[in-house]
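As provided, target35.csv (CSV, C-alpha atoms) reads as follows.
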chain,number,residue,atom,x,y,z
A,1298,ILE,CA,254.6,249.9,1.5
A,1299,THR,CA,251.3,248.5,0.5
A,1300,GLU,CA,251.8,245.3,2.5
A,1301,ARG,CA,252.7,247.4,5.5
A,1302,LEU,CA,249.7,249.7,5.2
A,1303,PHE,CA,247.5,246.5,4.8
A,1304,SER,CA,249.0,245.1,8.0
A,1305,TYR,CA,247.9,248.1,10.0
A,1306,LEU,CA,244.2,247.1,9.4
A,1307,SER,CA,242.4,244.8,11.8
A,1308,PRO,CA,241.7,241.2,10.7
A,1309,GLU,CA,238.1,242.1,10.2
A,1310,SER,CA,239.0,245.2,8.1
A,1311,GLN,CA,241.5,243.2,6.0
A,1312,GLY,CA,238.9,240.5,5.2
A,1313,ALA,CA,236.3,243.1,4.3
A,1314,LEU,CA,238.6,245.0,2.1
A,1315,CYS,CA,239.7,241.8,0.2
A,1316,ARG,CA,236.0,241.0,-0.4
A,1317,ALA,CA,235.2,244.5,-1.5
A,1318,ALA,CA,237.9,244.1,-4.2
A,1319,VAL,CA,235.5,241.8,-6.0
A,1320,PHE,CA,233.8,244.9,-7.5
A,1321,THR,CA,235.2,246.3,-10.8
A,1322,VAL,CA,232.7,249.2,-10.7
A,1323,PRO,CA,232.1,251.9,-8.1
A,1324,VAL,CA,229.6,250.9,-5.5
A,1325,ASN,CA,228.0,252.5,-2.4
A,1326,LEU,CA,228.5,251.2,1.2
A,1327,GLU,CA,225.6,248.8,0.7
A,1328,GLY,CA,227.7,247.0,-1.8
A,1329,PHE,CA,230.7,246.7,0.4
A,1330,SER,CA,228.5,245.5,3.2
A,1331,ALA,CA,226.8,242.9,1.0
A,1332,VAL,CA,230.0,241.2,0.0
A,1333,SER,CA,231.9,241.5,3.3
A,1334,GLY,CA,229.1,240.6,5.8
A,1335,VAL,CA,229.9,243.7,7.9
A,1336,PRO,CA,226.8,245.6,9.0
A,1337,GLN,CA,226.3,248.8,6.9
A,1338,GLN,CA,226.3,251.1,10.0
A,1339,ARG,CA,229.9,249.9,10.7
A,1340,MET,CA,230.9,249.9,7.0
A,1341,SER,CA,231.4,253.7,6.9
A,1342,GLY,CA,234.2,253.6,9.5
A,1343,LEU,CA,236.1,250.7,7.7
A,1344,ALA,CA,235.7,252.4,4.3
A,1345,GLY,CA,237.1,255.7,5.8
A,1346,GLU,CA,240.1,253.8,7.1
A,1347,TRP,CA,240.7,252.2,3.7
A,1348,ARG,CA,240.5,255.6,2.1
A,1349,ASN,CA,243.0,257.1,4.5
A,1350,ARG,CA,245.4,254.3,3.7
A,1351,ALA,CA,244.9,254.8,-0.1
A,1352,PHE,CA,243.2,251.5,-0.8
A,1353,VAL,CA,240.0,253.0,-2.1
A,1354,TYR,CA,238.7,256.2,-3.7
A,1355,HIS,CA,235.6,258.0,-2.5
A,1356,ASP,CA,233.4,260.2,-4.6
A,1357,PRO,CA,231.5,262.2,-2.0
A,1358,GLU,CA,229.1,263.8,-4.5
A,1359,LYS,CA,227.8,260.4,-5.6
A,1360,SER,CA,228.5,258.5,-2.4
A,1361,ILE,CA,230.3,255.7,-4.2
A,1362,TRP,CA,233.6,254.0,-3.5
A,1363,THR,CA,236.1,252.3,-5.7
A,1364,VAL,CA,238.9,249.9,-4.8
A,1365,PHE,CA,241.9,251.1,-6.8
A,1366,GLY,CA,242.3,248.9,-9.8
A,1367,ILE,CA,246.0,248.4,-9.3
A,1368,LEU,CA,245.3,246.8,-5.9
A,1369,ARG,CA,242.2,244.8,-6.8
A,1370,VAL,CA,243.9,241.6,-8.0
A,1371,TRP,CA,246.4,241.7,-5.2
A,1372,LEU,CA,243.8,242.1,-2.5
A,1373,PHE,CA,241.3,239.6,-4.0
A,1374,SER,CA,244.0,236.9,-4.3
A,1375,LYS,CA,244.4,236.9,-0.6
A,1376,LEU,CA,241.0,235.1,-0.4
A,1377,SER,CA,240.6,231.4,-0.8
A,1378,VAL,CA,238.9,230.1,-3.9
A,1379,GLU,CA,235.8,229.3,-1.9
A,1380,ASP,CA,235.7,232.8,-0.4
A,1381,GLN,CA,236.2,234.4,-3.8
A,1382,GLU,CA,233.2,232.5,-5.2
A,1383,VAL,CA,231.1,233.6,-2.2
A,1384,ALA,CA,232.1,237.2,-2.8
A,1385,HIS,CA,231.2,237.0,-6.5
A,1386,LYS,CA,227.8,235.5,-5.8
A,1387,ALA,CA,227.1,238.3,-3.3
A,1388,ALA,CA,228.2,240.9,-5.7
A,1389,GLY,CA,226.1,239.5,-8.5
A,1390,ASP,CA,223.0,239.4,-6.2
A,1391,LEU,CA,223.6,243.1,-5.1
A,1392,ILE,CA,224.0,244.3,-8.7
A,1393,TYR,CA,221.0,242.3,-9.9
A,1394,ARG,CA,218.9,243.7,-7.0
A,1395,LEU,CA,219.8,247.2,-8.0
A,1396,LEU,CA,218.9,246.4,-11.6
A,1397,LYS,CA,215.4,245.1,-10.5
A,1398,GLN,CA,214.9,248.2,-8.5
A,1399,ARG,CA,215.9,250.2,-11.6
A,1400,ASN,CA,218.7,251.8,-9.6
A,1401,GLU,CA,221.6,250.8,-11.9
A,1402,ALA,CA,222.4,254.5,-12.3
A,1403,SER,CA,223.8,254.4,-8.7
A,1404,LEU,CA,226.6,252.3,-10.2
A,1405,GLY,CA,227.1,254.7,-13.1
A,1406,LEU,CA,226.0,252.0,-15.5
A,1407,ASN,CA,223.1,251.5,-18.0
A,1408,TRP,CA,221.0,248.4,-17.5
A,1409,ILE,CA,222.8,246.3,-20.1
A,1410,ASP,CA,226.2,246.9,-18.5
A,1411,CYS,CA,224.7,246.3,-15.1
A,1412,LEU,CA,223.3,243.0,-16.3
A,1413,LEU,CA,226.6,242.0,-17.9
A,1414,GLU,CA,228.4,242.8,-14.6
A,1415,ALA,CA,226.0,240.7,-12.6
A,1416,ARG,CA,226.3,237.8,-15.1
A,1417,ASN,CA,230.1,238.0,-14.9
A,1418,HIS,CA,230.0,237.7,-11.1
A,1419,TYR,CA,227.6,234.8,-11.3
A,1420,VAL,CA,229.9,233.0,-13.8
A,1421,MET,CA,232.9,233.6,-11.6
A,1422,GLY,CA,231.0,232.5,-8.5
A,1423,ARG,CA,229.9,229.3,-10.3
A,1424,ASP,CA,226.2,230.3,-9.7
A,1425,ILE,CA,225.3,228.9,-13.2
A,1426,ASN,CA,221.6,229.0,-12.9
A,1427,LYS,CA,221.6,232.7,-12.2
A,1428,ALA,CA,224.2,233.2,-14.9
A,1429,ARG,CA,221.9,231.4,-17.4
A,1430,GLY,CA,219.0,233.7,-16.4
A,1431,ALA,CA,221.1,236.8,-17.0
A,1432,THR,CA,222.3,235.3,-20.3
A,1433,ASN,CA,218.7,234.7,-21.5
A,1434,THR,CA,217.7,238.3,-20.7
A,1435,LEU,CA,220.8,239.6,-22.6
A,1436,SER,CA,220.0,237.3,-25.5
A,1437,THR,CA,216.6,238.7,-25.9
A,1438,PHE,CA,218.0,242.3,-26.1
A,1439,TYR,CA,220.8,241.3,-28.5
A,1440,LEU,CA,218.3,239.5,-30.8
A,1441,TYR,CA,216.2,242.7,-30.9
A,1442,THR,CA,219.3,244.9,-31.7
A,1443,GLY,CA,220.8,242.5,-34.2
A,1444,ASN,CA,223.9,241.6,-32.2
A,1445,TYR,CA,223.7,238.0,-33.3
A,1446,LYS,CA,227.4,237.3,-32.6
A,1447,ASN,CA,226.9,238.4,-29.0
A,1448,VAL,CA,224.0,236.0,-28.7
A,1449,ILE,CA,226.1,233.1,-30.0
A,1450,ASN,CA,229.1,234.0,-27.9
A,1451,ILE,CA,227.5,234.4,-24.5
A,1452,ASN,CA,225.4,231.3,-24.9
A,1453,ASP,CA,228.4,229.2,-26.1
A,1454,ASP,CA,230.3,230.6,-23.1
A,1455,ILE,CA,227.6,229.5,-20.6
A,1456,ASN,CA,227.2,226.1,-22.3
A,1457,LYS,CA,230.8,225.4,-21.3
A,1458,PHE,CA,229.3,224.7,-17.8
A,1459,GLY,CA,227.0,222.1,-19.3
A,1460,GLU,CA,224.8,222.4,-22.4
A,1461,TYR,CA,221.4,223.9,-21.7
A,1462,PRO,CA,218.3,223.7,-23.9
A,1463,ASN,CA,217.4,227.4,-23.7
A,1464,SER,CA,221.0,228.5,-24.6
A,1465,CYS,CA,220.9,226.2,-27.7
A,1466,VAL,CA,217.5,227.7,-28.7
A,1467,ARG,CA,219.0,231.2,-28.5
A,1468,ILE,CA,222.0,230.2,-30.6
A,1469,GLY,CA,219.5,228.7,-33.1
A,1470,GLN,CA,217.5,231.9,-33.2
A,1471,ALA,CA,220.6,233.9,-33.9
A,1472,TYR,CA,221.7,231.7,-36.8
A,1473,LEU,CA,218.1,231.7,-38.2
A,1474,ASN,CA,218.0,235.5,-38.2
A,1475,GLN,CA,221.3,235.5,-40.1
A,1476,GLY,CA,219.9,233.1,-42.7
A,1477,ASN,CA,222.0,230.2,-41.6
A,1478,GLN,CA,219.3,227.5,-41.6
A,1479,SER,CA,221.6,224.5,-41.3
A,1480,GLU,CA,223.3,225.9,-38.1
A,1481,ALA,CA,219.9,226.9,-36.7
A,1482,ILE,CA,218.4,223.4,-37.3
A,1483,LYS,CA,221.5,221.9,-35.6
A,1484,HIS,CA,221.1,223.9,-32.5
A,1485,PHE,CA,217.3,223.5,-32.3
A,1486,GLU,CA,217.7,219.7,-32.6
A,1487,LYS,CA,220.4,219.9,-29.9
A,1488,ALA,CA,218.0,221.7,-27.7
A,1489,LYS,CA,215.3,219.1,-28.4
A,1490,SER,CA,217.7,216.3,-27.3
A,1491,LEU,CA,218.4,218.2,-24.0
A,1492,ILE,CA,214.9,219.1,-22.8
A,1493,GLN,CA,213.3,216.9,-20.2
A,1494,ASN,CA,209.8,218.1,-20.7
A,1495,PRO,CA,208.7,219.0,-24.3
A,1496,ILE,CA,205.5,220.7,-22.9
A,1497,SER,CA,207.5,223.8,-21.8
A,1498,HIS,CA,208.7,227.2,-22.9
A,1499,GLU,CA,211.8,225.6,-24.4
A,1500,GLY,CA,209.8,222.9,-26.2
A,1501,ALA,CA,207.5,225.6,-27.7
A,1502,ALA,CA,210.5,227.7,-28.8
A,1503,ILE,CA,212.2,224.7,-30.5
A,1504,ILE,CA,209.1,223.8,-32.5
A,1505,HIS,CA,208.5,227.5,-33.3
A,1506,GLY,CA,212.0,227.9,-34.7
A,1507,LEU,CA,211.9,224.7,-36.8
A,1508,ALA,CA,208.5,225.7,-38.1
A,1509,GLN,CA,209.8,229.1,-39.2
A,1510,ILE,CA,212.4,227.3,-41.2
A,1511,GLU,CA,209.8,225.1,-42.9
A,1512,ARG,CA,207.7,228.3,-43.6
A,1513,ILE,CA,210.8,230.0,-45.2
A,1514,LYS,CA,211.4,226.9,-47.3
A,1515,GLY,CA,207.8,227.1,-48.5
A,1516,ASN,CA,206.6,223.9,-46.8
A,1517,HIS,CA,203.5,225.6,-45.6
A,1518,GLU,CA,201.4,222.6,-44.5
A,1519,ILE,CA,204.3,221.2,-42.4
A,1520,ALA,CA,204.8,224.6,-40.9
A,1521,ARG,CA,201.0,225.0,-40.1
A,1522,LYS,CA,200.9,221.8,-38.2
A,1523,MET,CA,204.0,222.7,-36.2
A,1524,PHE,CA,202.7,226.2,-35.3
A,1525,GLN,CA,199.4,224.5,-34.2
A,1526,SER,CA,201.5,222.3,-31.9
A,1527,VAL,CA,203.1,225.5,-30.5
A,1528,ILE,CA,199.6,226.9,-29.8
A,1529,GLU,CA,198.6,223.7,-28.0
A,1530,ILE,CA,201.8,223.8,-25.8
A,1531,SER,CA,201.2,227.5,-25.0
A,1532,ARG,CA,197.7,226.7,-23.8
A,1533,GLN,CA,198.9,223.8,-21.6
A,1534,ILE,CA,201.6,226.0,-20.0
A,1535,ASN,CA,199.2,228.9,-19.9
A,1536,ASP,CA,201.4,231.4,-21.8
A,1537,PRO,CA,199.2,233.3,-24.2
A,1538,ARG,CA,202.2,235.4,-25.5
A,1539,ILE,CA,203.6,232.2,-27.2
A,1540,GLU,CA,200.2,231.6,-28.7
A,1541,GLY,CA,200.1,235.1,-30.1
A,1542,HIS,CA,203.5,234.6,-31.8
A,1543,ALA,CA,202.4,231.3,-33.4
A,1544,ILE,CA,199.2,232.8,-34.7
A,1545,GLY,CA,201.2,235.7,-36.1
A,1546,GLU,CA,203.3,233.1,-38.0
A,1547,LEU,CA,200.2,231.4,-39.3
A,1548,ALA,CA,199.2,234.8,-40.6
A,1549,ILE,CA,202.5,235.1,-42.5
A,1550,ILE,CA,201.7,231.8,-44.2
A,1551,ASP,CA,198.2,233.1,-45.2
A,1552,HIS,CA,199.9,236.2,-46.5
A,1553,ASP,CA,202.4,234.3,-48.6
A,1554,GLU,CA,199.5,232.3,-50.1
A,1555,GLY,CA,197.6,235.4,-51.0
A,1556,LYS,CA,194.9,234.9,-48.3
A,1557,LEU,CA,195.0,238.5,-47.1
A,1558,ASP,CA,191.7,238.6,-45.3
A,1559,ASP,CA,192.5,235.3,-43.4
A,1560,ALA,CA,196.0,236.7,-42.5
A,1561,LEU,CA,194.4,240.0,-41.3
A,1562,ASN,CA,191.9,238.2,-39.1
A,1563,LYS,CA,194.7,236.1,-37.5
A,1564,LEU,CA,196.8,239.2,-36.9
A,1565,PHE,CA,193.9,241.0,-35.2
A,1566,LEU,CA,193.4,237.9,-33.1
A,1567,ALA,CA,197.1,238.0,-32.1
A,1568,THR,CA,196.7,241.7,-31.3
A,1569,GLU,CA,193.8,240.9,-29.1
A,1570,ILE,CA,195.9,238.3,-27.2
A,1571,GLU,CA,198.7,240.8,-26.9
A,1572,SER,CA,196.4,243.5,-25.5
A,1573,LYS,CA,195.4,241.3,-22.7
A,1574,ILE,CA,198.9,240.7,-21.5
A,1575,SER,CA,200.6,244.0,-22.4
A,1576,ASN,CA,199.9,246.9,-20.2
A,1577,LYS,CA,202.7,249.1,-21.5
A,1578,HIS,CA,203.5,250.2,-25.0
A,1579,ARG,CA,207.0,248.7,-25.0
A,1580,ASP,CA,205.7,245.3,-24.1
A,1581,GLN,CA,203.6,244.9,-27.3
A,1582,ASN,CA,204.8,242.9,-30.2
A,1583,PRO,CA,205.6,245.3,-33.0
A,1584,SER,CA,205.9,242.6,-35.7
A,1585,ILE,CA,202.1,242.1,-35.5
A,1586,LEU,CA,201.5,245.8,-36.1
A,1587,HIS,CA,204.1,245.8,-38.9
A,1588,ASN,CA,202.4,242.9,-40.6
A,1589,ILE,CA,198.9,244.4,-40.4
A,1590,GLY,CA,200.4,247.5,-42.1
A,1591,SER,CA,201.9,245.3,-44.8
A,1592,ILE,CA,198.6,243.7,-45.6
A,1593,TYR,CA,196.8,247.1,-45.8
A,1594,MET,CA,199.5,248.2,-48.1
A,1595,ARG,CA,198.8,245.3,-50.4
A,1596,LYS,CA,195.2,246.2,-50.3
A,1597,LYS,CA,196.2,249.8,-51.3
A,1598,GLU,CA,194.7,251.2,-48.1
A,1599,TYR,CA,197.7,253.4,-47.5
A,1600,ASP,CA,196.4,255.6,-44.6
A,1601,LYS,CA,195.8,252.4,-42.6
A,1602,SER,CA,199.2,251.0,-43.5
A,1603,LEU,CA,200.9,254.2,-42.5
A,1604,TYR,CA,199.2,254.1,-39.1
A,1605,TYR,CA,200.3,250.6,-38.3
A,1606,PHE,CA,203.8,251.1,-39.6
A,1607,LEU,CA,204.3,254.2,-37.5
A,1608,GLU,CA,202.9,252.5,-34.4
A,1609,ALA,CA,205.3,249.5,-34.9
A,1610,LEU,CA,208.2,251.9,-35.5
A,1611,LYS,CA,207.6,253.7,-32.1
A,1612,ILE,CA,207.9,250.4,-30.3
A,1613,GLU,CA,210.8,249.1,-32.3
A,1614,GLN,CA,212.8,252.2,-31.7
A,1615,ASN,CA,211.9,252.2,-28.0
A,1616,ARG,CA,213.2,248.6,-27.8
A,1617,SER,CA,216.2,249.2,-30.0
A,1618,ASP,CA,214.8,246.5,-32.3
A,1619,LYS,CA,217.1,247.2,-35.3
A,1620,TYR,CA,215.7,244.3,-37.4
A,1621,GLY,CA,212.1,245.5,-37.0
A,1622,GLU,CA,213.1,249.2,-37.5
A,1623,GLY,CA,215.0,248.4,-40.7
A,1624,MET,CA,212.1,246.4,-42.1
A,1625,THR,CA,209.5,249.1,-41.2
A,1626,PHE,CA,211.5,251.8,-42.8
A,1627,PHE,CA,211.6,249.7,-46.0
A,1628,LEU,CA,207.8,249.3,-45.9
A,1629,LEU,CA,207.4,253.1,-45.3
A,1630,ALA,CA,209.6,253.6,-48.4
A,1631,ASN,CA,207.1,251.4,-50.4
A,1632,VAL,CA,204.2,253.5,-49.2
A,1633,ALA,CA,206.1,256.6,-50.2
A,1634,LEU,CA,206.6,255.1,-53.7
A,1635,HIS,CA,202.9,254.3,-54.0
A,1636,LEU,CA,202.1,257.9,-52.9
A,1637,LYS,CA,204.4,259.2,-55.6
A,1638,LYS,CA,207.0,260.6,-53.3
A,1639,PRO,CA,210.2,259.3,-54.9
A,1640,ASP,CA,212.7,261.4,-52.9
A,1641,CYS,CA,211.2,260.2,-49.6
A,1642,CYS,CA,211.1,256.7,-50.9
A,1643,LEU,CA,214.8,256.8,-51.7
A,1644,ARG,CA,215.8,258.2,-48.3
A,1645,LEU,CA,213.8,255.6,-46.4
A,1646,SER,CA,215.1,252.7,-48.6
A,1647,VAL,CA,218.8,253.8,-48.0
A,1648,LEU,CA,218.1,254.1,-44.2
A,1649,SER,CA,216.5,250.6,-44.2
A,1650,ILE,CA,219.3,248.9,-46.0
A,1651,ALA,CA,221.9,250.7,-43.9
A,1652,ILE,CA,220.3,249.5,-40.7
A,1653,LEU,CA,219.8,245.9,-41.8
A,1654,LYS,CA,223.3,245.6,-43.3
A,1655,SER,CA,224.8,247.0,-40.1
A,1656,ILE,CA,223.4,244.1,-38.1
A,1657,GLY,CA,224.3,241.4,-40.7
A,1658,HIS,CA,220.7,240.5,-41.3
A,1659,TYR,CA,220.2,238.4,-44.4
A,1660,TYR,CA,217.0,240.3,-45.2
A,1661,PHE,CA,219.0,243.3,-46.3
A,1662,ARG,CA,219.8,241.3,-49.4
A,1663,GLU,CA,216.3,240.1,-50.0
A,1664,ILE,CA,213.9,242.3,-48.0
A,1665,GLU,CA,210.4,240.9,-47.5
A,1666,PRO,CA,207.3,242.8,-46.4
A,1667,ILE,CA,206.3,240.4,-43.6
A,1668,VAL,CA,208.5,240.0,-40.5
A,1669,SER,CA,208.8,237.1,-38.1
A,1670,SER,CA,209.5,237.2,-34.3
A,1671,ASN,CA,211.2,234.9,-31.9
A,1672,ILE,CA,209.5,233.5,-28.8

Kindly transcribe the structure held in the file into structure tokens.
Amino acid sequence: ITERLFSYLSPESQGALCRAAVFTVPVNLEGFSAVSGVPQQRMSGLAGEWRNRAFVYHDPEKSIWTVFGILRVWLFSKLSVEDQEVAHKAAGDLIYRLLKQRNEASLGLNWIDCLLEARNHYVMGRDINKARGATNTLSTFYLYTGNYKNVININDDINKFGEYPNSCVRIGQAYLNQGNQSEAIKHFEKAKSLIQNPISHEGAAIIHGLAQIERIKGNHEIARKMFQSVIEISRQINDPRIEGHAIGELAIIDHDEGKLDDALNKLFLATEIESKISNKHRDQNPSILHNIGSIYMRKKEYDKSLYYFLEALKIEQNRSDKYGEGMTFFLLANVALHLKKPDCCLRLSVLSIAILKSIGHYYFREIEPIVSSNI
């Protein structure tokens, strides 16, 4: 019956329907037009014909259309491999454009699911450069939220099409955040062997990650020199955000050596750099505010420490930064203890450990007052 109903369609309608089957999510007529090449003003008539022959479902309230799942594979298989890849690329571009326009709600998706959908189409369409771009954006979000396994999985997946330095860096950052220094070093070194130009964002990220490991090991002088190299690269590529991150790491070294005033001065310098490039609250680096609060806590200036912790917490929660949120709750618990509020201290401590343990972060076993951040 399905084959007979399909035969009633014109060749143009058949081809357009097969291409429309590339979508696994509901789309509007613009989406069907984008993958089929049929002008949008004519798309309504074709889509109506498909609906009448039970190939698609139309939701008139949302003005979206869905090719019935049971028919998708059958319809899409009628296309050649080349045409399937073209349809996937067009679908990826359409979804990514909606995402940039902040119109992902028209697909009934949140921005993460929307980006995952676009990435999947780019992979299936063998548009690997765009798939890598989507993978990098997803990696940033997953690192914030503590989904380290997802970071490793999606970057391992994209590396099957050819190892790429930035993907190796992201895997290294995920292992570093899990406390697996040997795997982190292996992937940072792999990235170093792949980059063509060390004076680049990838080059800075590699040195930054390796320097963090040296700092954690207590090799402060080696780490200082490496972070200074990151600052030099950031200035050559004109990316002050990278410089701010590196200065923040130098402040952590000062903090660990008991040089609190030096650390505080560096953190305020990093804040000044951030303020010049961050116009919106969510774009600021909460780890800098967190660390300023930590130093004021050590100085027993609790009112100031509370202010900076709460400012950091707002940003961390807005960004779903589970690592930062967990660490900040732990420091708030310390403040509560110093202020002789044991019940509040206990609740905040339990909340902190629950958050950090839920993301598999090694700091939940050995929590430190100063936090690091990835480039």

Problem - Near-Ala1388 of chain A list (9 Å; all atoms listed in the file; drop same-chain fewer than 2 positions) as a PyMOL selection string - result: chain A and resi 1317+1319-1320+1328-1329+1331-1332+1383-1386+1390-1393+1415+1418-1419

Completion exercise
Pairwise distance, atom CA of Ala1471 of chain A with atom CA of Gly1443 of chain A, equals 8.6 Å

Exercise for the section: Identify, on the basis of all atoms listed in the file, every residue whose closest approach to segment 1524-1541 of chain A does not exceed 8 Å; exclude the query and any residue fewer than 2 positions from it along the same chain; express the result as a ChimeraX atom specification. Expected result: /A:1496-1498,1501-1502,1504-1505,1508,1520-1522,1543-1547,1566-1568,1570-1571,1574,1672

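Reported to one decimal place, the separation of atom CA of Gln1337 of chain A from atom CA of Leu1314 of chain A is 13.7 Å.
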
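Of the listed residues (A:Lys1596, A:Ser1330, A:Leu1507, A:Leu1413), A:Lys1596 comes nearest to Gly1555 of chain A; the distances count only C-alpha atoms.
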
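Compared by their closest atoms to Arg1316 of chain A, and using all atoms listed in the file, the residues A:Ser1333, A:Gln1509, A:Asn1474, A:Asn1450 rank with A:Ser1333 nearest.
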
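Residue nearest Ile1367 of chain A, chosen from A:Asn1325, A:Phe1352, A:Leu1564, A:Met1624 and counting all atoms listed in the file: A:Phe1352.
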
Place N, CA and C atoms on segment 1633-1651 of chain A and deliver the coordinates as a PDB file, in the coordinates of the input.
ATOM      1  N   ALA A1633     205.696 255.374 -49.564  1.00  0.00           N
ATOM      2  CA  ALA A1633     206.100 256.600 -50.200  1.00  0.00           C
ATOM      3  C   ALA A1633     206.090 256.508 -51.729  1.00  0.00           C
ATOM      4  N   LEU A1634     206.545 255.366 -52.217  1.00  0.00           N
ATOM      5  CA  LEU A1634     206.600 255.100 -53.700  1.00  0.00           C
ATOM      6  C   LEU A1634     205.165 255.102 -54.235  1.00  0.00           C
ATOM      7  N   HIS A1635     204.274 254.405 -53.545  1.00  0.00           N
ATOM      8  CA  HIS A1635     202.900 254.300 -54.000  1.00  0.00           C
ATOM      9  C   HIS A1635     202.203 255.695 -53.969  1.00  0.00           C
ATOM     10  N   LEU A1636     202.638 256.536 -53.026  1.00  0.00           N
ATOM     11  CA  LEU A1636     202.100 257.900 -52.900  1.00  0.00           C
ATOM     12  C   LEU A1636     202.778 258.878 -53.801  1.00  0.00           C
ATOM     13  N   LYS A1637     203.681 258.358 -54.658  1.00  0.00           N
ATOM     14  CA  LYS A1637     204.400 259.200 -55.600  1.00  0.00           C
ATOM     15  C   LYS A1637     205.273 260.236 -54.986  1.00  0.00           C
ATOM     16  N   LYS A1638     206.036 259.760 -53.967  1.00  0.00           N
ATOM     17  CA  LYS A1638     207.000 260.600 -53.300  1.00  0.00           C
ATOM     18  C   LYS A1638     208.380 259.956 -53.416  1.00  0.00           C
ATOM     19  N   PRO A1639     209.002 260.007 -54.615  1.00  0.00           N
ATOM     20  CA  PRO A1639     210.200 259.300 -54.900  1.00  0.00           C
ATOM     21  C   PRO A1639     211.414 259.655 -53.995  1.00  0.00           C
ATOM     22  N   ASP A1640     211.562 260.948 -53.700  1.00  0.00           N
ATOM     23  CA  ASP A1640     212.700 261.400 -52.900  1.00  0.00           C
ATOM     24  C   ASP A1640     212.585 260.777 -51.465  1.00  0.00           C
ATOM     25  N   CYS A1641     211.385 260.799 -50.912  1.00  0.00           N
ATOM     26  CA  CYS A1641     211.200 260.200 -49.600  1.00  0.00           C
ATOM     27  C   CYS A1641     211.384 258.709 -49.633  1.00  0.00           C
ATOM     28  N   CYS A1642     210.949 258.090 -50.710  1.00  0.00           N
ATOM     29  CA  CYS A1642     211.100 256.700 -50.900  1.00  0.00           C
ATOM     30  C   CYS A1642     212.607 256.298 -50.893  1.00  0.00           C
ATOM     31  N   LEU A1643     213.400 257.052 -51.609  1.00  0.00           N
ATOM     32  CA  LEU A1643     214.800 256.800 -51.700  1.00  0.00           C
ATOM     33  C   LEU A1643     215.513 256.913 -50.352  1.00  0.00           C
ATOM     34  N   ARG A1644     215.200 257.975 -49.617  1.00  0.00           N
ATOM     35  CA  ARG A1644     215.800 258.200 -48.300  1.00  0.00           C
ATOM     36  C   ARG A1644     215.483 257.053 -47.337  1.00  0.00           C
ATOM     37  N   LEU A1645     214.217 256.667 -47.327  1.00  0.00           N
ATOM     38  CA  LEU A1645     213.800 255.600 -46.400  1.00  0.00           C
ATOM     39  C   LEU A1645     214.397 254.255 -46.816  1.00  0.00           C
ATOM     40  N   SER A1646     214.537 253.999 -48.107  1.00  0.00           N
ATOM     41  CA  SER A1646     215.100 252.700 -48.600  1.00  0.00           C
ATOM     42  C   SER A1646     216.602 252.653 -48.162  1.00  0.00           C
ATOM     43  N   VAL A1647     217.334 253.739 -48.367  1.00  0.00           N
ATOM     44  CA  VAL A1647     218.800 253.800 -48.000  1.00  0.00           C
ATOM     45  C   VAL A1647     218.894 253.559 -46.471  1.00  0.00           C
ATOM     46  N   LEU A1648     218.040 254.217 -45.706  1.00  0.00           N
ATOM     47  CA  LEU A1648     218.100 254.100 -44.200  1.00  0.00           C
ATOM     48  C   LEU A1648     217.808 252.636 -43.839  1.00  0.00           C
ATOM     49  N   SER A1649     216.807 252.022 -44.479  1.00  0.00           N
ATOM     50  CA  SER A1649     216.500 250.600 -44.200  1.00  0.00           C
ATOM     51  C   SER A1649     217.622 249.692 -44.435  1.00  0.00           C
ATOM     52  N   ILE A1650     218.206 249.802 -45.617  1.00  0.00           N
ATOM     53  CA  ILE A1650     219.300 248.900 -46.000  1.00  0.00           C
ATOM     54  C   ILE A1650     220.512 249.121 -45.103  1.00  0.00           C
ATOM     55  N   ALA A1651     220.782 250.375 -44.738  1.00  0.00           N
ATOM     56  CA  ALA A1651     221.900 250.700 -43.900  1.00  0.00           C
ATOM     57  C   ALA A1651     221.755 250.007 -42.497  1.00  0.00           C
TER      58      ALA A1651
END
